[in-house]
Structure formats: structure tokens, C-alpha cells
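Enquirer: This is model-v5.pdb (PDB, C-alpha atoms and all ligand atoms).
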ATOM      1  CA  MET Z   1     -58.095 -45.189  88.943  1.00  0.00           C
ATOM      2  CA  ALA Z   2     -55.462 -47.558  87.651  1.00  0.00           C
ATOM      3  CA  SER Z   3     -52.769 -44.900  87.820  1.00  0.00           C
ATOM      4  CA  ALA Z   4     -53.677 -44.112  91.442  1.00  0.00           C
ATOM      5  CA  VAL Z   5     -53.036 -47.739  92.311  1.00  0.00           C
ATOM      6  CA  GLU Z   6     -49.810 -47.847  90.306  1.00  0.00           C
ATOM      7  CA  ASN Z   7     -48.495 -44.716  92.018  1.00  0.00           C
ATOM      8  CA  LYS Z   8     -49.185 -46.019  95.471  1.00  0.00           C
ATOM      9  CA  VAL Z   9     -46.247 -45.508  97.791  1.00  0.00           C
ATOM     10  CA  LYS Z  10     -44.737 -48.746  99.057  1.00  0.00           C
ATOM     11  CA  ASN Z  11     -43.135 -48.635 102.494  1.00  0.00           C
ATOM     12  CA  ALA Z  12     -39.884 -50.505 102.955  1.00  0.00           C
ATOM     13  CA  LYS Z  13     -38.200 -50.896 106.318  1.00  0.00           C
ATOM     14  CA  LEU Z  14     -34.446 -50.745 105.792  1.00  0.00           C
ATOM     15  CA  VAL Z  15     -31.699 -51.344 108.339  1.00  0.00           C
ATOM     16  CA  LEU Z  16     -28.000 -50.470 108.211  1.00  0.00           C
ATOM     17  CA  LEU Z  17     -25.667 -52.779 110.102  1.00  0.00           C
ATOM     18  CA  GLY Z  18     -21.911 -52.835 110.410  1.00  0.00           C
ATOM     19  CA  ASP Z  19     -18.933 -52.141 112.607  1.00  0.00           C
ATOM     20  CA  VAL Z  20     -18.388 -48.872 114.424  1.00  0.00           C
ATOM     21  CA  GLY Z  21     -17.041 -46.078 112.245  1.00  0.00           C
ATOM     22  CA  THR Z  22     -17.635 -47.788 108.888  1.00  0.00           C
ATOM     23  CA  GLY Z  23     -19.832 -44.889 107.742  1.00  0.00           C
ATOM     24  CA  LYS Z  24     -23.427 -46.092 108.200  1.00  0.00           C
ATOM     25  CA  SER Z  25     -24.665 -42.709 109.417  1.00  0.00           C
ATOM     26  CA  SER Z  26     -22.635 -40.936 106.746  1.00  0.00           C
ATOM     27  CA  ILE Z  27     -24.230 -43.059 104.011  1.00  0.00           C
ATOM     28  CA  VAL Z  28     -27.699 -42.244 105.347  1.00  0.00           C
ATOM     29  CA  LEU Z  29     -26.871 -38.537 105.674  1.00  0.00           C
ATOM     30  CA  ARG Z  30     -25.599 -38.516 102.092  1.00  0.00           C
ATOM     31  CA  PHE Z  31     -28.707 -40.294 100.796  1.00  0.00           C
ATOM     32  CA  VAL Z  32     -31.292 -38.363 102.824  1.00  0.00           C
ATOM     33  CA  LYS Z  33     -29.749 -34.868 102.924  1.00  0.00           C
ATOM     34  CA  GLY Z  34     -26.983 -34.919 100.307  1.00  0.00           C
ATOM     35  CA  GLN Z  35     -24.452 -33.949 102.974  1.00  0.00           C
ATOM     36  CA  PHE Z  36     -21.193 -35.247 104.449  1.00  0.00           C
ATOM     37  CA  VAL Z  37     -19.425 -34.279 107.664  1.00  0.00           C
ATOM     38  CA  GLU Z  38     -15.829 -35.191 108.505  1.00  0.00           C
ATOM     39  CA  PHE Z  39     -16.607 -35.602 112.194  1.00  0.00           C
ATOM     40  CA  GLN Z  40     -19.806 -37.583 112.309  1.00  0.00           C
ATOM     41  CA  GLU Z  41     -20.708 -38.518 115.878  1.00  0.00           C
ATOM     42  CA  SER Z  42     -20.922 -42.177 116.785  1.00  0.00           C
ATOM     43  CA  THR Z  43     -24.558 -43.306 116.852  1.00  0.00           C
ATOM     44  CA  ILE Z  44     -26.161 -44.121 120.199  1.00  0.00           C
ATOM     45  CA  GLY Z  45     -28.758 -46.910 120.006  1.00  0.00           C
ATOM     46  CA  ALA Z  46     -30.169 -46.155 116.567  1.00  0.00           C
ATOM     47  CA  ALA Z  47     -31.404 -43.236 114.498  1.00  0.00           C
ATOM     48  CA  PHE Z  48     -34.454 -43.102 112.251  1.00  0.00           C
ATOM     49  CA  PHE Z  49     -34.787 -41.412 108.867  1.00  0.00           C
ATOM     50  CA  SER Z  50     -37.153 -41.659 105.964  1.00  0.00           C
ATOM     51  CA  GLN Z  51     -36.708 -40.947 102.287  1.00  0.00           C
ATOM     52  CA  THR Z  52     -38.728 -41.696  99.183  1.00  0.00           C
ATOM     53  CA  LEU Z  53     -37.309 -42.883  95.896  1.00  0.00           C
ATOM     54  CA  ALA Z  54     -39.097 -43.120  92.564  1.00  0.00           C
ATOM     55  CA  VAL Z  55     -38.461 -46.170  90.415  1.00  0.00           C
ATOM     56  CA  ASN Z  56     -40.184 -45.872  87.037  1.00  0.00           C
ATOM     57  CA  ASP Z  57     -43.837 -45.236  87.921  1.00  0.00           C
ATOM     58  CA  GLU Z  58     -43.605 -46.546  91.469  1.00  0.00           C
ATOM     59  CA  THR Z  59     -42.477 -44.903  94.701  1.00  0.00           C
ATOM     60  CA  VAL Z  60     -40.680 -46.593  97.557  1.00  0.00           C
ATOM     61  CA  LYS Z  61     -40.677 -44.913 100.947  1.00  0.00           C
ATOM     62  CA  PHE Z  62     -37.664 -46.138 102.885  1.00  0.00           C
ATOM     63  CA  GLU Z  63     -38.043 -46.193 106.653  1.00  0.00           C
ATOM     64  CA  ILE Z  64     -34.394 -46.278 107.594  1.00  0.00           C
ATOM     65  CA  TRP Z  65     -32.939 -47.545 110.858  1.00  0.00           C
ATOM     66  CA  ASP Z  66     -29.326 -46.475 111.203  1.00  0.00           C
ATOM     67  CA  THR Z  67     -28.015 -48.724 113.983  1.00  0.00           C
ATOM     68  CA  ALA Z  68     -25.056 -48.127 116.283  1.00  0.00           C
ATOM     69  CA  GLY Z  69     -21.960 -50.184 115.506  1.00  0.00           C
ATOM     70  CA  GLN Z  70     -20.621 -50.222 119.055  1.00  0.00           C
ATOM     71  CA  GLU Z  71     -20.658 -53.758 120.401  1.00  0.00           C
ATOM     72  CA  ARG Z  72     -22.628 -52.811 123.524  1.00  0.00           C
ATOM     73  CA  TYR Z  73     -25.654 -52.083 121.289  1.00  0.00           C
ATOM     74  CA  HIS Z  74     -25.487 -55.443 119.509  1.00  0.00           C
ATOM     75  CA  SER Z  75     -28.410 -56.902 121.466  1.00  0.00           C
ATOM     76  CA  LEU Z  76     -30.727 -54.176 120.128  1.00  0.00           C
ATOM     77  CA  ALA Z  77     -30.082 -55.067 116.501  1.00  0.00           C
ATOM     78  CA  PRO Z  78     -32.837 -57.710 116.084  1.00  0.00           C
ATOM     79  CA  MET Z  79     -35.459 -55.046 116.805  1.00  0.00           C
ATOM     80  CA  TYR Z  80     -34.281 -53.213 113.727  1.00  0.00           C
ATOM     81  CA  TYR Z  81     -33.578 -56.057 111.303  1.00  0.00           C
ATOM     82  CA  ARG Z  82     -36.639 -58.147 112.152  1.00  0.00           C
ATOM     83  CA  GLY Z  83     -39.245 -57.670 109.448  1.00  0.00           C
ATOM     84  CA  ALA Z  84     -36.914 -55.445 107.454  1.00  0.00           C
ATOM     85  CA  ALA Z  85     -37.469 -55.452 103.708  1.00  0.00           C
ATOM     86  CA  ALA Z  86     -33.846 -54.559 103.148  1.00  0.00           C
ATOM     87  CA  ALA Z  87     -30.500 -54.456 104.920  1.00  0.00           C
ATOM     88  CA  ILE Z  88     -27.288 -52.684 104.015  1.00  0.00           C
ATOM     89  CA  ILE Z  89     -24.269 -54.254 105.657  1.00  0.00           C
ATOM     90  CA  VAL Z  90     -21.444 -51.771 105.697  1.00  0.00           C
ATOM     91  CA  TYR Z  91     -17.703 -52.293 106.072  1.00  0.00           C
ATOM     92  CA  ASP Z  92     -14.780 -49.941 105.627  1.00  0.00           C
ATOM     93  CA  VAL Z  93     -12.500 -50.872 102.700  1.00  0.00           C
ATOM     94  CA  THR Z  94      -9.503 -49.534 104.676  1.00  0.00           C
ATOM     95  CA  ASN Z  95     -10.139 -51.843 107.647  1.00  0.00           C
ATOM     96  CA  ALA Z  96     -10.091 -55.630 107.151  1.00  0.00           C
ATOM     97  CA  ALA Z  97     -11.550 -56.279 110.616  1.00  0.00           C
ATOM     98  CA  THR Z  98     -14.746 -54.476 109.589  1.00  0.00           C
ATOM     99  CA  PHE Z  99     -15.112 -56.849 106.621  1.00  0.00           C
ATOM    100  CA  THR Z 100     -14.876 -59.791 109.017  1.00  0.00           C
ATOM    101  CA  ARG Z 101     -17.540 -58.118 111.162  1.00  0.00           C
ATOM    102  CA  ALA Z 102     -19.734 -57.610 108.080  1.00  0.00           C
ATOM    103  CA  LYS Z 103     -19.623 -61.359 107.377  1.00  0.00           C
ATOM    104  CA  LYS Z 104     -20.800 -61.987 110.947  1.00  0.00           C
ATOM    105  CA  TRP Z 105     -23.762 -59.699 110.337  1.00  0.00           C
ATOM    106  CA  VAL Z 106     -24.619 -61.587 107.167  1.00  0.00           C
ATOM    107  CA  GLN Z 107     -24.543 -64.865 109.121  1.00  0.00           C
ATOM    108  CA  GLU Z 108     -26.740 -63.427 111.842  1.00  0.00           C
ATOM    109  CA  LEU Z 109     -29.268 -62.129 109.319  1.00  0.00           C
ATOM    110  CA  GLN Z 110     -29.312 -65.404 107.444  1.00  0.00           C
ATOM    111  CA  ALA Z 111     -29.975 -67.232 110.719  1.00  0.00           C
ATOM    112  CA  GLN Z 112     -32.429 -64.812 112.379  1.00  0.00           C
ATOM    113  CA  GLY Z 113     -33.742 -62.478 109.731  1.00  0.00           C
ATOM    114  CA  ASN Z 114     -36.397 -62.707 107.113  1.00  0.00           C
ATOM    115  CA  ILE Z 115     -35.439 -64.798 104.075  1.00  0.00           C
ATOM    116  CA  ASN Z 116     -37.050 -62.231 101.781  1.00  0.00           C
ATOM    117  CA  THR Z 117     -34.868 -59.365 102.993  1.00  0.00           C
ATOM    118  CA  VAL Z 118     -32.957 -57.744 100.143  1.00  0.00           C
ATOM    119  CA  MET Z 119     -29.343 -57.642 101.302  1.00  0.00           C
ATOM    120  CA  ALA Z 120     -26.654 -55.265 100.113  1.00  0.00           C
ATOM    121  CA  LEU Z 121     -22.973 -55.291 101.016  1.00  0.00           C
ATOM    122  CA  ALA Z 122     -21.406 -51.820 100.905  1.00  0.00           C
ATOM    123  CA  GLY Z 123     -17.636 -51.374 100.985  1.00  0.00           C
ATOM    124  CA  ASN Z 124     -17.526 -47.763 102.132  1.00  0.00           C
ATOM    125  CA  LYS Z 125     -14.703 -45.150 102.118  1.00  0.00           C
ATOM    126  CA  ALA Z 126     -13.742 -46.173  98.584  1.00  0.00           C
ATOM    127  CA  ASP Z 127     -12.249 -42.680  98.221  1.00  0.00           C
ATOM    128  CA  LEU Z 128      -9.355 -43.675 100.522  1.00  0.00           C
ATOM    129  CA  VAL Z 129      -7.493 -45.481  97.751  1.00  0.00           C
ATOM    130  CA  GLU Z 130      -4.067 -45.523  99.427  1.00  0.00           C
ATOM    131  CA  ALA Z 131      -5.293 -47.115 102.654  1.00  0.00           C
ATOM    132  CA  ARG Z 132      -7.289 -49.969 101.108  1.00  0.00           C
ATOM    133  CA  GLN Z 133      -7.145 -53.350 102.898  1.00  0.00           C
ATOM    134  CA  VAL Z 134     -10.054 -55.204 101.278  1.00  0.00           C
ATOM    135  CA  THR Z 135     -10.166 -55.702  97.513  1.00  0.00           C
ATOM    136  CA  ALA Z 136     -13.373 -55.308  95.552  1.00  0.00           C
ATOM    137  CA  GLU Z 137     -12.813 -58.754  94.025  1.00  0.00           C
ATOM    138  CA  GLU Z 138     -12.742 -60.460  97.416  1.00  0.00           C
ATOM    139  CA  ALA Z 139     -15.915 -58.715  98.565  1.00  0.00           C
ATOM    140  CA  GLN Z 140     -17.696 -59.327  95.265  1.00  0.00           C
ATOM    141  CA  ALA Z 141     -16.908 -63.048  95.450  1.00  0.00           C
ATOM    142  CA  TYR Z 142     -18.173 -63.216  99.025  1.00  0.00           C
ATOM    143  CA  ALA Z 143     -21.366 -61.323  98.136  1.00  0.00           C
ATOM    144  CA  GLN Z 144     -22.089 -63.581  95.191  1.00  0.00           C
ATOM    145  CA  GLU Z 145     -21.667 -66.736  97.267  1.00  0.00           C
ATOM    146  CA  ASN Z 146     -24.014 -65.412  99.912  1.00  0.00           C
ATOM    147  CA  GLY Z 147     -26.794 -63.900  97.841  1.00  0.00           C
ATOM    148  CA  LEU Z 148     -26.066 -60.225  98.469  1.00  0.00           C
ATOM    149  CA  PHE Z 149     -25.407 -57.562  95.909  1.00  0.00           C
ATOM    150  CA  PHE Z 150     -22.216 -55.607  96.332  1.00  0.00           C
ATOM    151  CA  MET Z 151     -21.109 -52.039  95.714  1.00  0.00           C
ATOM    152  CA  GLU Z 152     -18.195 -49.937  96.870  1.00  0.00           C
ATOM    153  CA  THR Z 153     -19.413 -46.566  98.105  1.00  0.00           C
ATOM    154  CA  SER Z 154     -18.087 -43.282  99.364  1.00  0.00           C
ATOM    155  CA  ALA Z 155     -20.309 -41.183 101.564  1.00  0.00           C
ATOM    156  CA  LYS Z 156     -17.659 -38.483 101.184  1.00  0.00           C
ATOM    157  CA  THR Z 157     -17.657 -38.219  97.381  1.00  0.00           C
ATOM    158  CA  ALA Z 158     -21.218 -39.639  97.015  1.00  0.00           C
ATOM    159  CA  ILE Z 159     -20.037 -42.420  94.707  1.00  0.00           C
ATOM    160  CA  ASN Z 160     -22.613 -45.233  94.477  1.00  0.00           C
ATOM    161  CA  VAL Z 161     -24.580 -44.115  97.540  1.00  0.00           C
ATOM    162  CA  ASN Z 162     -27.844 -43.361  95.735  1.00  0.00           C
ATOM    163  CA  ASP Z 163     -27.171 -46.372  93.520  1.00  0.00           C
ATOM    164  CA  VAL Z 164     -27.260 -48.781  96.467  1.00  0.00           C
ATOM    165  CA  PHE Z 165     -30.674 -47.491  97.541  1.00  0.00           C
ATOM    166  CA  TYR Z 166     -31.942 -47.471  93.970  1.00  0.00           C
ATOM    167  CA  GLU Z 167     -30.863 -51.073  93.411  1.00  0.00           C
ATOM    168  CA  ILE Z 168     -32.523 -52.086  96.688  1.00  0.00           C
ATOM    169  CA  ALA Z 169     -35.748 -50.315  95.686  1.00  0.00           C
ATOM    170  CA  LYS Z 170     -35.755 -52.110  92.331  1.00  0.00           C
ATOM    171  CA  ARG Z 171     -35.191 -55.519  93.906  1.00  0.00           C
ATOM    172  CA  PHE Z 172     -37.774 -54.804  96.604  1.00  0.00           C
ATOM    173  CA  LEU Z 173     -40.426 -53.900  94.006  1.00  0.00           C
ATOM    174  CA  GLN Z 174     -39.575 -56.961  91.912  1.00  0.00           C
ATOM    175  CA  ALA Z 175     -39.918 -59.215  94.958  1.00  0.00           C
ATOM    176  CA  GLN Z 176     -43.239 -57.600  95.860  1.00  0.00           C
ATOM    177  CA  ALA Z 177     -44.589 -58.042  92.335  1.00  0.00           C
ATOM    178  CA  GLN Z 178     -43.512 -61.680  92.431  1.00  0.00           C
ATOM    179  CA  GLN Z 179     -45.214 -62.235  95.792  1.00  0.00           C
ATOM    180  CA  GLN Z 180     -48.366 -60.551  94.513  1.00  0.00           C
ATOM    181  CA  GLN Z 181     -48.381 -62.858  91.508  1.00  0.00           C
ATOM    182  CA  ASN Z 182     -47.961 -65.904  93.727  1.00  0.00           C
ATOM    183  CA  THR Z 183     -50.835 -64.830  95.996  1.00  0.00           C
ATOM    184  CA  ASN Z 184     -53.098 -64.151  93.023  1.00  0.00           C
ATOM    185  CA  GLY Z 185     -52.174 -67.550  91.646  1.00  0.00           C
ATOM    186  CA  MET Z 186     -53.079 -69.192  94.938  1.00  0.00           C
ATOM    187  CA  ILE Z 187     -56.438 -67.416  95.169  1.00  0.00           C
ATOM    188  CA  LEU Z 188     -57.302 -68.459  91.616  1.00  0.00           C
ATOM    189  CA  THR Z 189     -56.390 -72.087  92.241  1.00  0.00           C
ATOM    190  CA  ASP Z 190     -58.346 -72.035  95.507  1.00  0.00           C
ATOM    191  CA  ARG Z 191     -61.417 -70.693  93.777  1.00  0.00           C
ATOM    192  CA  ALA Z 192     -61.126 -73.268  91.021  1.00  0.00           C
ATOM    193  CA  ALA Z 193     -60.811 -76.011  93.635  1.00  0.00           C
ATOM    194  CA  ASN Z 194     -63.839 -74.719  95.549  1.00  0.00           C
ATOM    195  CA  ARG Z 195     -65.943 -74.659  92.415  1.00  0.00           C
ATOM    196  CA  THR Z 196     -65.139 -78.294  91.656  1.00  0.00           C
ATOM    197  CA  THR Z 197     -65.902 -79.501  95.177  1.00  0.00           C
ATOM    198  CA  SER Z 198     -69.110 -77.498  95.516  1.00  0.00           C
ATOM    199  CA  SER Z 199     -70.498 -78.542  92.148  1.00  0.00           C
ATOM    200  CA  SER Z 200     -69.757 -82.210  92.748  1.00  0.00           C
ATOM    201  CA  SER Z 201     -71.313 -82.200  96.241  1.00  0.00           C
ATOM    202  CA  CYS Z 202     -74.316 -80.075  95.425  1.00  0.00           C
ATOM    203  CA  CYS Z 203     -77.823 -80.791  94.327  1.00  0.00           C
ATOM    204  CA  SER Z 204     -77.671 -84.375  93.161  1.00  0.00           C
TER     205      SER Z 204
HETATM  206  P1  LIG Q 301     -21.269 -45.806 114.440  1.00  0.00           P
HETATM  207  O1  LIG Q 301     -22.489 -44.940 114.498  1.00  0.00           O
HETATM  208  O2  LIG Q 301     -20.336 -45.545 115.599  1.00  0.00           O
HETATM  209  O3  LIG Q 301     -21.584 -47.248 114.303  1.00  0.00           O
HETATM  210  O4  LIG Q 301     -20.409 -45.375 113.126  1.00  0.00           O
HETATM  211  P2  LIG Q 301     -20.958 -45.201 111.632  1.00  0.00           P
HETATM  212  O5  LIG Q 301     -20.854 -46.485 110.919  1.00  0.00           O
HETATM  213  O6  LIG Q 301     -22.273 -44.518 111.633  1.00  0.00           O
HETATM  214  O7  LIG Q 301     -19.839 -44.236 110.989  1.00  0.00           O
HETATM  215  P3  LIG Q 301     -19.970 -42.677 110.717  1.00  0.00           P
HETATM  216  O8  LIG Q 301     -20.922 -42.388 109.623  1.00  0.00           O
HETATM  217  O9  LIG Q 301     -20.164 -41.992 112.003  1.00  0.00           O
HETATM  218  O10 LIG Q 301     -18.506 -42.372 110.133  1.00  0.00           O
HETATM  219  C1  LIG Q 301     -17.339 -42.556 110.900  1.00  0.00           C
HETATM  220  C2  LIG Q 301     -16.254 -41.642 110.357  1.00  0.00           C
HETATM  221  O11 LIG Q 301     -15.894 -42.020 109.033  1.00  0.00           O
HETATM  222  C3  LIG Q 301     -16.691 -40.172 110.282  1.00  0.00           C
HETATM  223  O12 LIG Q 301     -15.651 -39.354 110.727  1.00  0.00           O
HETATM  224  C4  LIG Q 301     -16.953 -39.940 108.816  1.00  0.00           C
HETATM  225  O13 LIG Q 301     -16.679 -38.631 108.422  1.00  0.00           O
HETATM  226  C5  LIG Q 301     -15.984 -40.921 108.154  1.00  0.00           C
HETATM  227  N1  LIG Q 301     -16.511 -41.419 106.869  1.00  0.00           N
HETATM  228  C6  LIG Q 301     -17.720 -41.962 106.641  1.00  0.00           C
HETATM  229  N2  LIG Q 301     -17.880 -42.309 105.360  1.00  0.00           N
HETATM  230  C7  LIG Q 301     -16.726 -41.971 104.736  1.00  0.00           C
HETATM  231  C8  LIG Q 301     -16.265 -42.073 103.395  1.00  0.00           C
HETATM  232  O14 LIG Q 301     -16.931 -42.556 102.479  1.00  0.00           O
HETATM  233  N3  LIG Q 301     -14.978 -41.628 103.141  1.00  0.00           N
HETATM  234  C9  LIG Q 301     -14.203 -41.086 104.116  1.00  0.00           C
HETATM  235  N4  LIG Q 301     -12.989 -40.680 103.764  1.00  0.00           N
HETATM  236  N5  LIG Q 301     -14.605 -40.985 105.384  1.00  0.00           N
HETATM  237  C10 LIG Q 301     -15.844 -41.409 105.703  1.00  0.00           C
HETATM  238 MG    MG Q 302     -23.561 -44.028 113.107  1.00  0.00          MG
END
What does this structure look like when you write it as C-alpha cells?
Ligand code: GTP
Ligand code: MG

Expert:
Amino acid sequence: MASAVENKVKNAKLVLLGDVGTGKSSIVLRFVKGQFVEFQESTIGAAFFSQTLAVNDETVKFEIWDTAGQERYHSLAPMYYRGAAAAIIVYDVTNAATFTRAKKWVQELQAQGNINTVMALAGNKADLVEARQVTAEEAQAYAQENGLFFMETSAKTAINVNDVFYEIAKRFLQAQAQQQQNTNGMILTDRAANRTTSSSSCCS
């Protein structure tokens, strides 16, 4: 019985946000299918995928919304990030403007999103060493100041792609366990409080 409860699959809504062409769809394709294509088509609206990931004796089922980076789809984004357990904000390390755009997404999420959302900053295309415009140090410092965790990824070579999702899953499960503990704590205190009031008001 206990193991059935422990092995229960936990659903986690995850959204990818970031400028056009930064590699959001490529990261998802790498994670979900282990593939990479040189000429990935630009996403229209958003695309949905799901993938499970085992962390120790628990399983997280990611429900992934891969959003479109084109500005004309910006107004749709809240539908995907609202209520999300996790967000991956993607920029392209060879394009400084996409890092600026990533910071805007972080601001928007901090203002509109859920405070419990686990946020990751992914500096993608780390394989393009020669063309780099954003240093890892700069991005790491920004991430630290803003409560995100940071990794450089390459959907092409697969570097750190699974690791980002794994880290998110770990943090998500930790946060859930913490919330569970808090709720249990509240129920216990409530019950204790009820007992005191009922015994003092009863039967005198
Ligand atoms: P939108 O859907 O338009 O918002 O773009 P996107 O963020 O989904 O980018 P997409 O995955 O379509 O990738 C854009 C281009 O970058 C494609 O041609 C990919 O092949 C290429 N690309 C993606 N990730 C990497 C990477 O890690 N390294 C290299 N070298 N190219 C990449
Ligand atoms: Mg896309």
C-alpha cells in the first residue's frame, strides 16, 4: 500500500518561454524524443508534449507547453504559464538580444505568474562556441539574483538538456513535499485548537 502511494505519478505543467529561434522546440524534441533537426520549423501558437521522469522512487509527468516565440503570439502566453509548476526561459548564447528578452519573460512571470513556479534559465546553443555573445558568468549572476537556476544547454549535442528537466523535477518534488508538510501541520494545529475549544465549552 505504502509503495503504491510513493510511486504515484505527479503531474507538473511546464512551460517554455523565450525569443523566436532560441531553441525551445529543439530542447523539447531532444528531451521527449532524443532527436535534433537542423531546420526546426517555427512554432505556431504552442505545441503540447508529455514526458515522464523518474526521480528516486517518485515519477513526475511533465505536461509541456512549448510556446511560440514570435511576438504576435505574446498575448497567448499567460494561458500557458498560469498555474504552471515550472517554466524554462530560453535564450540563445549567440544572441544578446534574446538574453534581454529572457529577462523580460522573468519579469512578466514574477509579476503575473505563480510564486511557487520553479524557474529555470537555459542558455541554449552552447555548442556554438565561436559565436557566443552572452557569458555564462553574466547569466549565472542574473539567475542567482532573481531566484532561477541556470544551465547552458545544447539541443544539438544534448548537453544539459535532460539535466534541466531533472533539476526541475527534483525542485518540484521538494516544493510539493514542503507544501504537504505545511498542510499537515495546519490540520494538526486546527484539530488541536478544536479540541481545546470544544472541551472548554462542553458539558459544564
Ligand atoms: P520559435 O518556435 O519560433 O519560438 O523558435 P524555437 O525557440 O522553438 O527554436 P527552434 O527549436 O525552432 O530552433 C531554431 C533553430 O535553432 C533551428 O534551426 C534549430 O535547429 C536551431 N537550434 C536549436 N537548438 C540548437 C542548439 O542547441 N545548437 C545549435 N547549433 N542550433 C540549435
Ligand atoms: Mg518552437

Enquirer: Got a sec: who's within 10 Å of Thr98 of chain Z, counting all atoms listed in the file, leaving out chain neighbours fewer than 6 positions off, as a ChimeraX atom specification?

Expert: /Z:18-22,90-92,104,123,134

Enquirer: Written as a PyMOL selection string, what is the full residue list that the PyMOL selection byres (((not hetatm)) within 7 of (chain Q and resi 301)) yields on the file shown?

Expert: chain Z and resi 18-27+36-44+67-70+124-128+153-157

Enquirer: Quick one: apply the PyMOL selection byres (((chain Z and resi 83) around 10) and not hetatm) to the file and drop the selected residues here as a CSV table (one decimal) with C-alpha atoms, in the frame of the given file.

Expert:
chain,number,residue,atom,x,y,z
Z,12,ALA,CA,-39.9,-50.5,103.0
Z,13,LYS,CA,-38.2,-50.9,106.3
Z,14,LEU,CA,-34.4,-50.7,105.8
Z,15,VAL,CA,-31.7,-51.3,108.3
Z,78,PRO,CA,-32.8,-57.7,116.1
Z,79,MET,CA,-35.5,-55.0,116.8
Z,80,TYR,CA,-34.3,-53.2,113.7
Z,81,TYR,CA,-33.6,-56.1,111.3
Z,82,ARG,CA,-36.6,-58.1,112.2
Z,84,ALA,CA,-36.9,-55.4,107.5
Z,85,ALA,CA,-37.5,-55.5,103.7
Z,86,ALA,CA,-33.8,-54.6,103.1
Z,113,GLY,CA,-33.7,-62.5,109.7
Z,114,ASN,CA,-36.4,-62.7,107.1
Z,115,ILE,CA,-35.4,-64.8,104.1
Z,116,ASN,CA,-37.0,-62.2,101.8
Z,117,THR,CA,-34.9,-59.4,103.0

Enquirer: Applying 10 Å and all atoms listed in the file, which residues near Val28 of chain Z remain after dropping the ones on its own chain fewer than 3 positions away? List them as number ranges by chain.

Expert: Z: 16, 23-25, 31-36, 47-51, 64-66, 155, 161-162, 165

Enquirer: Quick check, in Å to one decimal: how far apart do atom CA of Asn146 of chain Z and atom CA of Ala54 of chain Z lie?

Expert: 27.9 Å

Enquirer: So, counting all atoms listed in the file, which residue among Z:Thr59, Z:Tyr73, Z:Asn184, Z:Lys8 is closest to ligand MG 302 (chain Q)?

Expert: Z:Tyr73

Enquirer: Counting all atoms listed in the file, which of Z:Leu17, Z:Leu109, Z:Ala77, Z:Ala97 gets nearest to ligand MG 302 (chain Q)?

Expert: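 For ligand MG 302 (chain Q), the nearest of the candidates is Z:Leu17.
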
Enquirer: Taking the file above as input, evaluate the PyMOL selection byres (((chain Z and resi 173-183) around 12) and not hetatm) and report the hits as JSON, numbers by chain.

Expert: {"Z": [6, 8, 9, 10, 11, 12, 53, 54, 55, 56, 57, 58, 59, 60, 61, 85, 86, 115, 116, 117, 118, 166, 167, 168, 169, 170, 171, 172, 184, 185, 186, 187, 188, 189, 190]}

Enquirer: What does the structure give for the distance between atom CA of Leu76 of chain Z and atom CA of Glu108 of chain Z, in Å to one decimal?

Expert: 13.0 Å

Enquirer: Kindly indicate which residue among Z:Arg132, Z:Val106, Z:Ala122, Z:Ala46 lies nearest to ligand MG 302 (chain Q), using only C-alpha atoms and all ligand atoms for the distances.

Expert: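 The answer is Z:Ala46, which sits nearest to ligand MG 302 (chain Q).
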
Enquirer: Rounded to one decimal in Å, what is the spacing between atom CA of Met119 of chain Z and atom CA of Ser75 of chain Z?

Expert: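 So the answer is 20.2 Å.
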
Enquirer: Enclose segment 22-37 of chain Z, meaning all of its atoms listed in the file, in a box aligned along x, y and z, pad it by 6 Å on each side, and list the centre and edge lengths in Å to one decimal, as AutoDock Vina command-line options.

Expert:
--center_x -24.5 --center_y -40.9 --center_z 104.9 --size_x 25.7 --size_y 25.8 --size_z 21.1
